Amino acid sequence: AWAREPYLGLGLWQWGGVALAILLGVTVRVIARHLLEWLRRLLSKTPTRWDVEIVNAAAPPIGWIACGLIWALSIFLLRLEGFYLSSANFLVQIFLSVSFIFLAYRLVNVLTLYFQEMARHTRSTLDDQLVPLFNRTLKILVVIMGSLLAIQNLGINVLSLLAGLGIGGLAFALAAKDAVANFFGSLMILFDRPFQVGDWIVVGEAEGTVEEIGFRSTRIRTFYNSVISIPNSEIANVKIDNMGMRKYRRIRTLLSLKYSTTPEVIQAFVEGVKDILRNHPVVQQENYHVVFHEYAASSLDILLYFF
């Protein structure tokens, strides 16, 4: 009889049951984690590594999902009513929804690793650049679709909610204009391929090596080791100088001789440098110049120009 005594709207046995349910849920999560660790060690002996990757990705969210399911069962067994029932249902549904979204989010990483492995075995570099973009797109879809399903499960009509959002659709479209422009700019870069990850490029005043082509921007590692992020919409509309596509590298420098050097020695020097270029295995033979260039302030300058 004393356990049925009401306290803050619930019987004492129900409060005890709530505490026990919380403890039981955390215990089940720990048990699930240890079971999955045992499964991971078992699967590590198999020839493929992808089953281990899936278990590693799924282990944390599955533990929380098991915990949430115990709490959902406890709500039914504790016979909650009124405010406590609606509040507990709301919290547990939110908890389970976030856990399932977390599970799908981590499995996307495993899928991305699989596609990256496949892309390494192809000659084309396009798929190597598409995989990170695919990863981000799928993660955004998982979060959006998971959130909509969670809202639907809470009893909110998603269609009417989206229709209501249509009132502010114009403002949203204007706000998202730059994001859409950057997205199409990234598609242009991926399919038109003016450059690839790893290329040395010059874009406006920025110069460096392309590190990443993202949804919104392209990141360039400069030669003083900083990172410049340029919106893809800007890259789509500017001149790009791709140093990484050069077949040869140009060398242009001046060789300085003393003013006392005679014309005959200068001529012999020029011919000697030409012989070095002619006999060098990596010098392009079709286009090189070694000529007297100018009378400098303190030297006679020979122009050395080759690829």
# chains A, B, ... in the order shown; residues from 1 in each chain; ligands from 1
call {"tool": "residues_around", "arguments": {"residues": "Gly185 (chain A)", "least_positions_apart": "4", "cutoff": "6 Å", "atoms": "only C-alpha atoms", "output": "CSV table (one decimal) with all heavy atoms, in the first residue's frame"}}
result
chain,number,residue,atom,x,y,z
A,232,ASN,N,32.9,28.3,-55.0
A,232,ASN,CA,32.9,27.6,-56.3
A,232,ASN,C,32.2,28.5,-57.4
A,232,ASN,O,32.5,28.4,-58.6
A,232,ASN,CB,32.2,26.3,-56.3
A,232,ASN,CG,33.1,25.3,-55.5
A,232,ASN,OD1,34.3,25.3,-55.5
A,232,ASN,ND2,32.4,24.3,-54.8
A,233,SER,N,31.2,29.3,-56.9
A,233,SER,CA,30.6,30.2,-57.9
A,233,SER,C,31.6,31.2,-58.5
A,233,SER,O,31.4,31.6,-59.7
A,233,SER,CB,29.4,30.9,-57.2
A,233,SER,OG,29.9,31.7,-56.1
A,236,ALA,N,33.9,29.4,-61.0
A,236,ALA,CA,33.2,29.1,-62.3
A,236,ALA,C,33.3,30.3,-63.2
A,236,ALA,O,33.0,30.1,-64.4
A,236,ALA,CB,31.8,28.7,-62.0
call {"tool": "residues_around", "arguments": {"residues": "Ser147 (chain A)", "least_positions_apart": "2", "cutoff": "12 Å", "atoms": "only C-alpha atoms", "output": "ChimeraX atom specification"}}
result
/A:93-102,140-145,149-154,156,158
call {"tool": "closest_residue", "arguments": {"among": "A:Asn89, A:Gln196, A:Asn182, A:Ser226", "to": "Leu130 (chain A)", "atoms": "only C-alpha atoms"}}
result
A:Gln196
call {"tool": "closest_residue", "arguments": {"among": "A:Trp64, A:Trp38, A:Tyr105, A:Phe215", "to": "Leu190 (chain A)", "atoms": "only C-alpha atoms"}}
result
A:Phe215
call {"tool": "residues_around", "arguments": {"residues": "region 106-109 of chain A", "least_positions_apart": "6", "cutoff": "12 Å", "atoms": "only C-alpha atoms", "output": "PyMOL selection string"}}
result
chain A and resi 50-62+99-100+115-116+131-132+134-143
call {"tool": "write_last_selection", "arguments": {"atoms": "N, CA, C and O atoms", "output": "mmCIF file, in the first residue's frame"}}
result
data_model
loop_
_atom_site.group_PDB
_atom_site.id
_atom_site.type_symbol
_atom_site.label_atom_id
_atom_site.label_comp_id
_atom_site.auth_asym_id
_atom_site.auth_seq_id
_atom_site.Cartn_x
_atom_site.Cartn_y
_atom_site.Cartn_z
ATOM 1 N N TRP A 50 35.130 -5.289 -44.518
ATOM 2 C CA TRP A 50 33.970 -4.396 -44.510
ATOM 3 C C TRP A 50 32.976 -4.742 -43.406
ATOM 4 O O TRP A 50 32.307 -3.855 -42.877
ATOM 5 N N ASP A 51 32.866 -6.044 -43.040
ATOM 6 C CA ASP A 51 31.971 -6.389 -41.940
ATOM 7 C C ASP A 51 32.470 -5.795 -40.621
ATOM 8 O O ASP A 51 31.681 -5.344 -39.783
ATOM 9 N N VAL A 52 33.807 -5.733 -40.461
ATOM 10 C CA VAL A 52 34.373 -5.109 -39.261
ATOM 11 C C VAL A 52 34.103 -3.604 -39.264
ATOM 12 O O VAL A 52 33.771 -3.012 -38.226
ATOM 13 N N GLU A 53 34.236 -2.973 -40.445
ATOM 14 C CA GLU A 53 33.965 -1.530 -40.551
ATOM 15 C C GLU A 53 32.512 -1.219 -40.203
ATOM 16 O O GLU A 53 32.212 -0.229 -39.518
ATOM 17 N N ILE A 54 31.597 -2.086 -40.649
ATOM 18 C CA ILE A 54 30.168 -1.872 -40.361
ATOM 19 C C ILE A 54 29.907 -1.990 -38.871
ATOM 20 O O ILE A 54 29.182 -1.174 -38.281
ATOM 21 N N VAL A 55 30.494 -3.005 -38.230
ATOM 22 C CA VAL A 55 30.304 -3.184 -36.787
ATOM 23 C C VAL A 55 30.894 -2.000 -36.025
ATOM 24 O O VAL A 55 30.285 -1.483 -35.082
ATOM 25 N N ASN A 56 32.087 -1.541 -36.433
ATOM 26 C CA ASN A 56 32.703 -0.391 -35.761
ATOM 27 C C ASN A 56 31.827 0.862 -35.875
ATOM 28 O O ASN A 56 31.709 1.633 -34.921
ATOM 29 N N ALA A 57 31.237 1.049 -37.052
ATOM 30 C CA ALA A 57 30.393 2.232 -37.254
ATOM 31 C C ALA A 57 29.076 2.117 -36.504
ATOM 32 O O ALA A 57 28.548 3.103 -35.972
ATOM 33 N N ALA A 58 28.530 0.899 -36.440
ATOM 34 C CA ALA A 58 27.189 0.719 -35.860
ATOM 35 C C ALA A 58 27.207 0.552 -34.350
ATOM 36 O O ALA A 58 26.166 0.721 -33.707
ATOM 37 N N ALA A 59 28.345 0.218 -33.762
ATOM 38 C CA ALA A 59 28.388 -0.111 -32.336
ATOM 39 C C ALA A 59 27.859 1.000 -31.421
ATOM 40 O O ALA A 59 26.970 0.743 -30.594
ATOM 41 N N PRO A 60 28.348 2.260 -31.520
ATOM 42 C CA PRO A 60 27.839 3.290 -30.596
ATOM 43 C C PRO A 60 26.333 3.550 -30.737
ATOM 44 O O PRO A 60 25.615 3.524 -29.728
ATOM 45 N N PRO A 61 25.800 3.769 -31.951
ATOM 46 C CA PRO A 61 24.354 4.044 -32.032
ATOM 47 C C PRO A 61 23.487 2.843 -31.671
ATOM 48 O O PRO A 61 22.395 3.023 -31.108
ATOM 49 N N ILE A 62 23.922 1.615 -31.951
ATOM 50 C CA ILE A 62 23.102 0.453 -31.613
ATOM 51 C C ILE A 62 22.959 0.342 -30.102
ATOM 52 O O ILE A 62 21.897 -0.036 -29.580
ATOM 53 N N SER A 99 19.097 8.548 -32.433
ATOM 54 C CA SER A 99 19.973 7.373 -32.454
ATOM 55 C C SER A 99 19.959 6.702 -33.819
ATOM 56 O O SER A 99 21.018 6.298 -34.335
ATOM 57 N N PHE A 100 18.773 6.579 -34.439
ATOM 58 C CA PHE A 100 18.699 5.964 -35.767
ATOM 59 C C PHE A 100 19.370 6.853 -36.820
ATOM 60 O O PHE A 100 20.032 6.350 -37.746
ATOM 61 N N PHE A 115 33.409 3.137 -51.552
ATOM 62 C CA PHE A 115 33.512 3.798 -52.858
ATOM 63 C C PHE A 115 34.913 4.359 -53.087
ATOM 64 O O PHE A 115 35.411 4.370 -54.215
ATOM 65 N N GLN A 116 35.557 4.865 -52.032
ATOM 66 C CA GLN A 116 36.925 5.357 -52.172
ATOM 67 C C GLN A 116 37.865 4.218 -52.566
ATOM 68 O O GLN A 116 38.767 4.400 -53.389
ATOM 69 N N VAL A 131 33.483 11.157 -54.854
ATOM 70 C CA VAL A 131 33.193 10.431 -53.613
ATOM 71 C C VAL A 131 33.000 11.379 -52.428
ATOM 72 O O VAL A 131 32.015 11.240 -51.690
ATOM 73 N N PRO A 132 33.896 12.377 -52.179
ATOM 74 C CA PRO A 132 33.632 13.296 -51.058
ATOM 75 C C PRO A 132 32.328 14.069 -51.223
ATOM 76 O O PRO A 132 31.612 14.305 -50.234
ATOM 77 N N PHE A 134 29.665 13.018 -52.869
ATOM 78 C CA PHE A 134 28.614 12.038 -52.603
ATOM 79 C C PHE A 134 28.441 11.835 -51.100
ATOM 80 O O PHE A 134 27.315 11.724 -50.591
ATOM 81 N N ASN A 135 29.548 11.804 -50.370
ATOM 82 C CA ASN A 135 29.504 11.611 -48.918
ATOM 83 C C ASN A 135 28.720 12.733 -48.239
ATOM 84 O O ASN A 135 27.841 12.485 -47.410
ATOM 85 N N ARG A 136 29.024 13.977 -48.602
ATOM 86 C CA ARG A 136 28.330 15.111 -47.986
ATOM 87 C C ARG A 136 26.851 15.130 -48.376
ATOM 88 O O ARG A 136 25.982 15.410 -47.548
ATOM 89 N N THR A 137 26.562 14.839 -49.656
ATOM 90 C CA THR A 137 25.170 14.851 -50.110
ATOM 91 C C THR A 137 24.346 13.815 -49.359
ATOM 92 O O THR A 137 23.230 14.102 -48.888
ATOM 93 N N LEU A 138 24.881 12.604 -49.226
ATOM 94 C CA LEU A 138 24.148 11.532 -48.560
ATOM 95 C C LEU A 138 23.948 11.843 -47.080
ATOM 96 O O LEU A 138 22.878 11.557 -46.512
ATOM 97 N N LYS A 139 24.941 12.445 -46.440
ATOM 98 C CA LYS A 139 24.797 12.797 -45.026
ATOM 99 C C LYS A 139 23.713 13.848 -44.827
ATOM 100 O O LYS A 139 22.925 13.778 -43.873
ATOM 101 N N ILE A 140 23.669 14.833 -45.733
ATOM 102 C CA ILE A 140 22.628 15.861 -45.632
ATOM 103 C C ILE A 140 21.252 15.239 -45.823
ATOM 104 O O ILE A 140 20.292 15.556 -45.093
ATOM 105 N N LEU A 141 21.124 14.319 -46.801
ATOM 106 C CA LEU A 141 19.841 13.646 -47.024
ATOM 107 C C LEU A 141 19.441 12.814 -45.819
ATOM 108 O O LEU A 141 18.255 12.773 -45.441
ATOM 109 N N VAL A 142 20.405 12.129 -45.196
ATOM 110 C CA VAL A 142 20.102 11.322 -44.009
ATOM 111 C C VAL A 142 19.553 12.203 -42.892
ATOM 112 O O VAL A 142 18.549 11.869 -42.256
ATOM 113 N N VAL A 143 20.195 13.339 -42.653
ATOM 114 C CA VAL A 143 19.753 14.232 -41.578
ATOM 115 C C VAL A 143 18.377 14.810 -41.890
ATOM 116 O O VAL A 143 17.485 14.845 -41.026
#
call {"tool": "atom_distance", "arguments": {"atom1": "CA of Arg252 (chain A)", "atom2": "CA of Glu271 (chain A)"}}
result
17.3 Å
call {"tool": "closest_residue", "arguments": {"among": "A:Leu35, A:Leu24, A:Leu103, A:Ala296", "to": "Trp71 (chain A)", "atoms": "only C-alpha atoms"}}
result
A:Leu24
call {"tool": "residues_around", "arguments": {"residues": "region 82-86 of chain A", "least_positions_apart": "3", "cutoff": "12 Å", "atoms": "only C-alpha atoms", "output": "PDB file with C-alpha atoms, in the first residue's frame"}}
result
ATOM      1  CA  LEU A   8       4.201  14.583  -7.614  1.00  0.00           C
ATOM      2  CA  GLY A   9       1.484  12.883  -9.655  1.00  0.00           C
ATOM      3  CA  LEU A  10       3.019   9.385  -9.702  1.00  0.00           C
ATOM      4  CA  GLY A  11       2.996   6.489  -7.252  1.00  0.00           C
ATOM      5  CA  GLN A  14       6.382   4.304 -10.519  1.00  0.00           C
ATOM      6  CA  TRP A  15       9.174   6.646  -9.449  1.00  0.00           C
ATOM      7  CA  VAL A  18      11.610   5.141 -13.625  1.00  0.00           C
ATOM      8  CA  ALA A  72      10.015   2.662 -24.523  1.00  0.00           C
ATOM      9  CA  SER A  74       9.280   0.736 -19.531  1.00  0.00           C
ATOM     10  CA  ILE A  75       6.767   3.485 -20.366  1.00  0.00           C
ATOM     11  CA  PHE A  76       4.219   0.788 -21.212  1.00  0.00           C
ATOM     12  CA  LEU A  77       4.967  -1.298 -18.089  1.00  0.00           C
ATOM     13  CA  LEU A  78       4.921   1.675 -15.705  1.00  0.00           C
ATOM     14  CA  ARG A  79       1.397   2.648 -16.837  1.00  0.00           C
ATOM     15  CA  ASN A  89       6.812   9.340 -25.118  1.00  0.00           C
ATOM     16  CA  PHE A  90       8.079  12.602 -26.620  1.00  0.00           C
ATOM     17  CA  LEU A  91      11.547  12.283 -25.071  1.00  0.00           C
ATOM     18  CA  VAL A  92      11.958   8.594 -25.953  1.00  0.00           C
ATOM     19  CA  GLN A  93      10.818   9.136 -29.560  1.00  0.00           C
ATOM     20  CA  LEU A 154       5.593  12.913 -33.210  1.00  0.00           C
ATOM     21  CA  GLY A 155       2.183  13.393 -34.813  1.00  0.00           C
TER      22      GLY A 155
END
call {"tool": "select_by_dssp", "arguments": {"residues": "region 91-288 of chain A", "states": "strand (DSSP E or B)", "output": "MDAnalysis selection string"}}
result
chainID A and resid 200:203 206:213 217:222 227:231 240:242 251:257 288
call {"tool": "select_by_dssp", "arguments": {"residues": "region 124-279 of chain A", "states": "helix (DSSP H, G or I)", "output": "VMD selection string"}}
result
chain A and resid 126 to 153 158 to 175 177 to 192 232 to 235 243 to 245 263 to 278
call {"tool": "residues_around", "arguments": {"residues": "Ser229 (chain A)", "least_positions_apart": "6", "cutoff": "7 Å", "atoms": "only C-alpha atoms", "output": "list in words"}}
result
Ser217, Thr218, Arg219 and Ile220 of chain A
call {"tool": "atom_distance", "arguments": {"atom1": "CA of Ile22 (chain A)", "atom2": "CA of Ser87 (chain A)"}}
result
15.2 Å
call {"tool": "residues_around", "arguments": {"residues": "Gly25 (chain A)", "least_positions_apart": "6", "cutoff": "9 Å", "atoms": "only C-alpha atoms", "output": "ChimeraX atom specification"}}
result
/A:64,66-71
call {"tool": "atom_distance", "arguments": {"atom1": "CA of Glu211 (chain A)", "atom2": "CA of Val110 (chain A)"}}
result
22.0 Å
